[in-house]
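Note: the block below is protein-v7.cif and it holds mmCIF, C-alpha atoms.
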```cif
data_input
#
loop_
_atom_site.label_atom_id
_atom_site.label_comp_id
_atom_site.auth_asym_id
_atom_site.auth_seq_id
_atom_site.Cartn_x
_atom_site.Cartn_y
_atom_site.Cartn_z
CA MET A 30 16.41 -9.15 0.09
CA THR A 31 15.48 -5.48 -0.15
CA ALA A 32 18.07 -3.14 1.32
CA PRO A 33 17.11 -1.69 4.70
CA GLN A 34 15.89 1.89 4.71
CA ASN A 35 19.13 3.23 6.20
CA ALA A 36 21.39 1.53 3.67
CA ALA A 37 23.92 3.84 2.10
CA SER A 38 22.87 4.96 -1.37
CA PRO A 39 23.81 7.70 -3.81
CA LEU A 40 21.68 10.84 -3.83
CA THR A 41 20.76 10.36 -7.47
CA VAL A 42 20.71 7.78 -10.23
CA PRO A 43 21.78 8.44 -13.83
CA GLY A 44 19.34 11.03 -15.19
CA GLY A 45 19.33 13.03 -11.95
CA GLN A 46 16.40 11.45 -10.10
CA PRO A 47 16.84 10.69 -6.39
CA ALA A 48 17.88 7.07 -5.79
CA LEU A 49 15.71 4.98 -3.49
CA PRO A 50 17.32 2.61 -0.98
CA GLY A 51 14.28 0.30 -1.20
CA PRO A 52 10.50 0.37 -0.83
CA LEU A 53 10.74 2.20 2.51
CA VAL A 54 12.49 5.48 3.32
CA GLY A 55 12.91 7.30 6.60
CA ALA A 56 12.07 10.89 7.48
CA ASP A 57 15.75 11.88 7.45
CA TRP A 58 16.20 10.43 3.95
CA LEU A 59 13.23 12.41 2.65
CA ALA A 60 14.24 15.61 4.46
CA ASP A 61 17.65 15.51 2.77
CA ARG A 62 16.02 15.32 -0.68
CA LEU A 63 12.78 17.26 -0.28
CA GLY A 64 12.27 19.53 -3.27
CA ALA A 65 14.86 17.76 -5.42
CA PRO A 66 14.13 17.74 -9.16
CA GLY A 67 12.42 14.52 -10.17
CA LEU A 68 11.16 13.71 -6.66
CA VAL A 69 7.36 13.70 -6.30
CA LEU A 70 5.75 13.46 -2.87
CA PHE A 71 2.20 12.13 -2.58
CA ASP A 72 -0.07 12.38 0.46
CA ALA A 73 -2.28 9.28 0.26
CA SER A 74 -4.22 9.89 3.49
CA VAL A 75 -7.80 8.65 3.63
CA GLY A 76 -10.82 9.41 5.76
CA ALA A 77 -10.33 11.70 8.73
CA HIS A 78 -6.58 11.93 8.10
CA ARG A 79 -7.27 13.84 4.85
CA GLY A 80 -8.59 16.68 7.01
CA ALA A 81 -5.48 17.08 9.15
CA GLY A 82 -4.89 20.56 7.73
CA VAL A 83 -1.13 20.15 7.31
CA ARG A 84 1.12 18.33 4.89
CA ILE A 85 4.79 17.79 4.23
CA PRO A 86 5.88 20.76 2.09
CA GLY A 87 5.12 20.23 -1.58
CA ALA A 88 3.02 17.08 -1.13
CA ARG A 89 0.35 16.40 -3.75
CA PRO A 90 -2.96 14.67 -2.91
CA PHE A 91 -3.09 11.03 -4.05
CA ASP A 92 -6.81 10.78 -3.36
CA LEU A 93 -7.84 7.17 -2.75
CA ASP A 94 -11.28 8.39 -1.69
CA GLY A 95 -11.62 10.26 -4.98
CA ALA A 96 -10.11 10.01 -8.44
CA LEU A 97 -7.73 7.17 -7.58
CA SER A 98 -10.48 4.63 -7.00
CA ASP A 99 -13.05 3.29 -9.44
CA HIS A 100 -16.38 4.54 -8.11
CA ASP A 101 -18.33 2.50 -10.65
CA ALA A 102 -17.07 -0.71 -9.04
CA PRO A 103 -19.17 -2.30 -6.28
CA ALA A 104 -16.26 -2.54 -3.81
CA PRO A 105 -14.65 0.60 -2.32
CA HIS A 106 -11.08 1.55 -3.25
CA THR A 107 -11.15 -0.55 -6.41
CA MET A 108 -8.16 0.07 -8.68
CA PRO A 109 -9.05 2.31 -11.65
CA GLY A 110 -8.37 1.06 -15.14
CA ALA A 111 -5.13 2.00 -16.85
CA ALA A 112 -6.58 4.96 -18.75
CA ALA A 113 -8.25 6.45 -15.67
CA PHE A 114 -5.14 5.90 -13.56
CA THR A 115 -2.95 7.54 -16.20
CA GLU A 116 -5.23 10.57 -16.33
CA ALA A 117 -5.40 10.89 -12.53
CA VAL A 118 -1.63 10.85 -11.98
CA ARG A 119 -0.89 13.02 -15.01
CA ALA A 120 -3.23 15.56 -13.43
CA LEU A 121 -0.93 15.38 -10.39
CA GLY A 122 2.09 16.20 -12.53
CA LEU A 123 3.68 12.74 -12.44
CA ASP A 124 6.21 11.94 -15.17
CA ASP A 125 7.45 8.48 -16.13
CA SER A 126 10.96 9.42 -15.00
CA ASP A 127 9.96 10.66 -11.52
CA THR A 128 10.91 9.08 -8.21
CA VAL A 129 7.89 8.92 -5.89
CA VAL A 130 7.56 8.87 -2.10
CA VAL A 131 4.09 8.33 -0.63
CA TYR A 132 2.97 8.91 2.95
CA ASP A 133 -0.22 9.17 4.98
CA GLY A 134 -1.39 10.83 8.16
CA ALA A 135 -1.85 7.59 10.10
CA GLY A 136 1.69 6.18 9.85
CA VAL A 137 1.94 3.36 7.33
CA TYR A 138 -1.64 2.72 6.32
CA SER A 139 -3.12 3.96 3.04
CA SER A 140 0.32 4.99 1.76
CA ALA A 141 1.08 1.31 1.21
CA ARG A 142 -1.99 1.08 -1.04
CA ALA A 143 -0.72 3.99 -3.17
CA TRP A 144 2.74 2.34 -3.32
CA TRP A 145 1.25 -0.96 -4.52
CA MET A 146 -1.00 0.75 -7.07
CA LEU A 147 1.93 2.63 -8.60
CA ARG A 148 3.93 -0.60 -8.77
CA ALA A 149 0.98 -2.41 -10.34
CA MET A 150 0.81 0.33 -12.98
CA GLY A 151 4.47 -0.02 -13.89
CA SER A 152 6.45 2.30 -11.62
CA ASP A 153 9.76 0.96 -10.27
CA ARG A 154 10.75 4.15 -8.45
CA VAL A 155 8.29 4.41 -5.57
CA ALA A 156 8.70 4.10 -1.80
CA VAL A 157 6.66 4.60 1.38
CA LEU A 158 7.68 7.07 4.08
CA ASP A 159 8.23 4.98 7.22
CA GLY A 160 5.92 6.23 9.96
CA GLY A 161 4.26 8.73 7.65
CA LEU A 162 3.35 12.23 8.77
CA PRO A 163 3.51 11.33 12.51
CA ALA A 164 7.17 10.27 12.17
CA TRP A 165 7.93 13.38 10.13
CA THR A 166 6.48 15.74 12.73
CA ALA A 167 8.00 13.76 15.62
CA ALA A 168 11.40 14.43 14.04
CA GLY A 169 10.69 18.16 14.18
CA LEU A 170 10.58 18.50 10.41
CA PRO A 171 8.55 21.26 8.75
CA VAL A 172 4.95 21.11 7.60
CA GLU A 173 2.74 23.56 5.73
CA ALA A 174 -0.96 24.21 5.57
CA THR A 175 -2.80 21.94 3.18
CA GLY A 176 -3.50 24.06 0.14
CA PRO A 177 -5.80 23.74 -2.85
CA ALA A 178 -5.63 20.83 -5.23
CA TYR A 179 -2.42 20.46 -7.23
CA GLU A 180 -2.27 23.22 -9.85
CA GLY A 181 1.13 22.57 -11.45
CA PRO A 182 1.92 21.29 -14.94
CA ARG A 183 0.49 17.99 -16.14
CA GLY A 184 2.74 14.98 -16.18
CA SER A 185 3.61 12.40 -18.80
CA PHE A 186 3.20 9.15 -16.84
CA THR A 187 1.69 6.28 -18.80
CA ALA A 188 0.34 3.25 -16.94
CA ARG A 189 1.86 -0.10 -17.91
CA PRO A 190 -0.21 -2.61 -15.92
CA ARG A 191 1.62 -5.59 -14.48
CA ALA A 192 -0.42 -8.76 -14.44
CA GLY A 193 -0.84 -10.57 -11.15
CA LEU A 194 -0.15 -7.80 -8.63
CA LEU A 195 -3.86 -7.08 -8.13
CA VAL A 196 -6.12 -10.12 -8.40
CA ASP A 197 -9.79 -11.05 -8.28
CA SER A 198 -11.82 -13.55 -6.25
CA ALA A 199 -11.20 -16.38 -8.75
CA ALA A 200 -7.44 -16.03 -8.30
CA VAL A 201 -7.85 -16.03 -4.52
CA ALA A 202 -10.05 -19.12 -4.65
CA GLY A 203 -7.30 -20.81 -6.64
CA ALA A 204 -4.70 -19.76 -4.09
CA LEU A 205 -6.78 -21.17 -1.24
CA ALA A 206 -6.64 -24.55 -3.00
CA ASP A 207 -2.91 -24.31 -3.77
CA PRO A 208 -0.64 -25.88 -1.13
CA ALA A 209 2.23 -23.67 -2.29
CA ALA A 210 0.27 -20.44 -1.67
CA ALA A 211 -1.00 -18.66 1.43
CA VAL A 212 -3.80 -16.11 1.73
CA LEU A 213 -3.12 -13.63 4.54
CA ASP A 214 -5.96 -11.52 5.93
CA ALA A 215 -4.93 -8.16 7.43
CA ARG A 216 -8.15 -7.51 9.38
CA THR A 217 -8.37 -7.70 13.18
CA ARG A 218 -8.61 -11.13 14.77
CA GLU A 219 -12.15 -10.36 15.95
CA ARG A 220 -13.33 -9.61 12.41
CA PHE A 221 -11.41 -12.62 11.06
CA VAL A 222 -13.11 -15.09 13.40
CA GLY A 223 -16.47 -13.34 13.09
CA THR A 224 -16.96 -12.14 16.66
CA ALA A 225 -16.86 -8.45 15.69
CA PRO A 226 -19.23 -6.95 13.13
CA GLU A 227 -17.97 -5.75 9.79
CA PRO A 228 -17.87 -1.93 9.53
CA ARG A 229 -19.52 -2.08 6.11
CA PRO A 230 -23.20 -3.07 6.26
CA GLY A 231 -24.42 -6.20 4.58
CA LEU A 232 -21.19 -8.19 4.76
CA ARG A 233 -20.92 -11.64 6.31
CA GLY A 234 -18.62 -12.11 9.28
CA GLY A 235 -15.68 -14.50 9.33
CA HIS A 236 -13.02 -15.38 6.79
CA MET A 237 -12.16 -17.43 3.71
CA PRO A 238 -11.70 -21.13 4.51
CA GLY A 239 -7.97 -21.77 4.52
CA ALA A 240 -6.92 -18.13 4.94
CA VAL A 241 -4.65 -17.13 7.83
CA ASN A 242 -4.80 -13.99 9.93
CA LEU A 243 -2.02 -11.42 10.26
CA PRO A 244 -3.43 -8.07 11.44
CA PHE A 245 -1.46 -5.36 9.66
CA GLY A 246 -0.58 -3.60 12.91
CA GLU A 247 1.52 -6.59 13.97
CA LEU A 248 4.06 -5.64 11.28
CA GLN A 249 4.60 -2.25 12.90
CA ARG A 250 6.42 -0.89 15.90
CA PRO A 251 4.98 1.84 18.15
CA GLY A 252 4.68 5.06 16.21
CA GLY A 253 3.63 3.36 12.99
CA LEU A 254 7.15 2.41 11.89
CA MET A 255 7.64 -0.88 10.08
CA ARG A 256 9.44 -3.62 12.00
CA PRO A 257 12.93 -4.75 10.90
CA ALA A 258 13.13 -7.21 8.01
CA ALA A 259 14.00 -10.21 10.18
CA GLU A 260 10.99 -9.58 12.43
CA LEU A 261 8.72 -9.13 9.43
CA ARG A 262 9.92 -12.43 8.01
CA ALA A 263 9.32 -14.21 11.31
CA ALA A 264 5.80 -12.77 11.63
CA ILE A 265 4.87 -13.91 8.13
CA GLU A 266 6.45 -17.35 8.50
CA ALA A 267 4.52 -17.83 11.75
CA VAL A 268 1.26 -17.91 9.76
CA ALA A 269 2.37 -18.84 6.21
CA GLY A 270 5.03 -21.40 7.04
CA GLU A 271 7.38 -22.11 4.15
CA ARG A 272 4.95 -20.97 1.47
CA GLN A 273 6.44 -18.31 -0.78
CA ARG A 274 3.47 -17.35 -2.98
CA LEU A 275 1.51 -14.89 -0.85
CA TYR A 276 -1.89 -13.30 -1.43
CA PHE A 277 -3.13 -10.47 0.79
CA SER A 278 -6.68 -9.43 1.69
CA CYS A 279 -8.29 -6.99 4.14
CA GLY A 280 -11.52 -4.98 4.28
CA SER A 281 -11.23 -2.98 1.06
CA GLY A 282 -7.76 -3.65 -0.35
CA VAL A 283 -5.95 -0.93 1.62
CA THR A 284 -4.25 -2.54 4.63
CA ALA A 285 -3.64 -5.70 2.60
CA CYS A 286 -0.97 -3.56 0.96
CA VAL A 287 0.72 -3.01 4.35
CA LEU A 288 1.21 -6.78 4.45
CA ALA A 289 2.52 -6.65 0.88
CA LEU A 290 5.00 -3.95 1.90
CA GLY A 291 6.11 -5.98 4.92
CA ALA A 292 6.54 -9.09 2.78
CA ASP A 293 8.57 -7.16 0.21
CA LEU A 294 10.82 -5.80 2.95
CA ALA A 295 11.18 -9.35 4.30
CA GLY A 296 12.43 -10.62 0.95
CA TYR A 297 9.31 -12.26 -0.49
CA ARG A 298 8.85 -11.65 -4.20
CA ASP A 299 5.76 -13.63 -5.36
CA LEU A 300 3.05 -11.32 -4.02
CA ALA A 301 -0.50 -10.36 -4.94
CA VAL A 302 -3.21 -8.17 -3.38
CA TYR A 303 -6.90 -9.11 -3.60
CA ASP A 304 -8.39 -5.87 -4.86
CA GLY A 305 -11.99 -6.49 -3.79
CA SER A 306 -10.96 -8.03 -0.45
CA TRP A 307 -13.70 -8.63 2.14
CA SER A 308 -15.89 -5.90 0.62
CA GLU A 309 -16.36 -8.33 -2.27
CA TRP A 310 -15.86 -11.76 -0.71
CA GLY A 311 -18.05 -10.97 2.30
CA VAL A 312 -21.11 -10.02 0.26
CA PRO A 313 -23.73 -12.80 0.53
CA SER A 314 -22.88 -15.11 -2.36
CA ALA A 315 -21.63 -18.59 -3.18
CA LEU A 316 -18.09 -17.64 -2.06
CA PRO A 317 -17.40 -19.72 1.08
CA VAL A 318 -17.07 -18.15 4.51
CA THR A 319 -16.17 -19.74 7.83
CA THR A 320 -16.03 -18.43 11.40
CA GLY A 321 -14.05 -19.30 14.49
#
```
Target encoding structure tokens, full file:
Amino acid sequence: MTAPQNAASPLTVPGGQPALPGPLVGADWLADRLGAPGLVLFDASVGAHRGAGVRIPGARPFDLDGALSDHDAPAPHTMPGAAAFTEAVRALGLDDSDTVVVYDGAGVYSSARAWWMLRAMGSDRVAVLDGGLPAWTAAGLPVEATGPAYEGPRGSFTARPRAGLLVDSAAVAGALADPAAAVLDARTRERFVGTAPEPRPGLRGGHMPGAVNLPFGELQRPGGLMRPAAELRAAIEAVAGERQRLYFSCGSGVTACVLALGADLAGYRDLAVYDGSWSEWGVPSALPVTTG
């Protein structure tokens, strides 16, 4: 099982980069290492949170509404190809040897998407800031005005895509028919059962037959902090039972990654995120949808 965020760990690993205690770090952990050589901090806020006007000092914009999504794809927030991803993060100064911490202005929301994308493109040294910018400011830690786009030196990161971390509708359809797999939907219960309209026009209401619902907020405590590992495990087992192969979906592939983060913290290892999520599956098509 992944070490808890407050587990004792050395400040650095061989080579000088800060050592991560796991996929989640606390504000105190980051404050102790902010500005350390080899530590890159990404602000992955989306929507209104991108306009907050402040950032953790030195943060670089991991823009999921911009260069870090494939805008030629029909679904929003689609993962870019390896070449485009490499170019986007090199432009942010990311090196292969860097340790990365990602956060967002909502708590743990779009930062989990950035974490999963970096993992899917081959990075093993990436973590999410627990509670994001709200937890940082609640701890009385410093912020600075959001400046212009990153203008530092280019990085050397090269994407090395890992098969199976981001999957398509065919893989999800296979999982729905697999008794050893579970498909977990991170949307609200009202959207899952089809009693609330989808925020994106033209999509059908309801869910995939055989999927189970686990709204991403149920994995968090007040203040946007992730729940302890034992509670995360219990929440997932309550809907997935004993199944260990887990697929995650949501509206556009963002909050599905919060479930992936929670599952990783809970000790699950066979995980995949449906990149198109409901923005793809919910389009009128032959893909099956049920309500209730």
Q.
I'd like the contact shell of segment 178-190 of chain A - 12 Å cut-off, all atoms listed in the file, skipping same-chain residues fewer than 3 positions apart - returned as a ChimeraX atom specification.
A. /A:67,69-72,87-92,108-129,145-153,175,193-195
Q. Once the PyMOL selection byres ((chain A and resi 268) around 12) has been applied to the shown file, what residues remain in the selection, as a list in words?
A. Ala210, Ala211, Val212, Leu213, Asp214, Ala215, Gly239, Ala240, Val241, Asn242, Leu243, Pro244, Leu261, Arg262, Ala263, Ala264, Ile265, Glu266, Ala267, Ala269, Gly270, Glu271, Arg272, Gln273 and Leu275 of chain A
Q) Closest to Val222 of chain A among A:Val318, A:Leu93, A:Leu248, A:Val312, using all atoms listed in the file? A) A:Val318
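Restricting the calculation to only C-alpha atoms, the smallest distance between Tyr138 of chain A and any of A:Leu300, A:Val54, A:Ala200, A:Leu158 is found for A:Leu158.
Taking only C-alpha atoms into account, Ala289 of chain A lies nearest to A:Phe245 out of the set A:Pro66, A:Arg233, A:Gly252, A:Phe245.
Residue selection for this entry, given the PyMOL selection byres ((chain A and resi 174) around 9), comprises Gly82, Val83, Arg84, Ile85, Pro86, Val172, Glu173, Thr175 and Gly176 of chain A.
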Q) Given the file above and the PyMOL selection byres ((chain A and resi 235-237) around 12), which residues are selected, and can you give them as a count of residues only? A) 50
Q: May I have the residues within 9 Å of Ala143 of chain A as a PyMOL selection string, using only C-alpha atoms and disregarding those fewer than 6 positions away in the same chain?
A: chain A and resi 71+73+91+93+97+131-132+157+283+286
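Atom CA of Ala168 of chain A is found 10.1 Å from atom CA of Ala60 of chain A.
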To box segment 209-212 of chain A, take all atoms listed in the file, fit an axis-aligned box, add 5 Å on each side, and give centre and edge lengths in Å to one decimal, as JSON.
```
{"center_x": -0.8, "center_y": -19.9, "center_z": -0.3, "size_x": 16.0, "size_y": 17.6, "size_z": 14.0}
```
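For the set A:Ala192, A:Pro47, A:Ser281, A:Ala259, the residue with the smallest atom-to-atom gap to Pro228 of chain A is A:Ser281, counting all atoms listed in the file.
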**Q.** Who sits within 10 Å of Leu170 of chain A, all atoms listed in the file, same chain under 3 positions skipped, as a list in words
**A.** Ala56, Asp57, Ala60, Ile85, Pro86, Leu162, Ala164, Trp165, Thr166 and Ala167 of chain A
Q: Using all atoms listed in the file, find the one residue out of A:Leu68, A:Val75, A:Ala156, A:Ala141 that sits nearest to Val302 of chain A.
A: A:Ala141
Q | Nearest to Ser98 of chain A by atom-to-atom distance, counting all atoms listed in the file, from A:Arg250, A:Arg79, A:Asp304, A:Val137 | A | A:Asp304
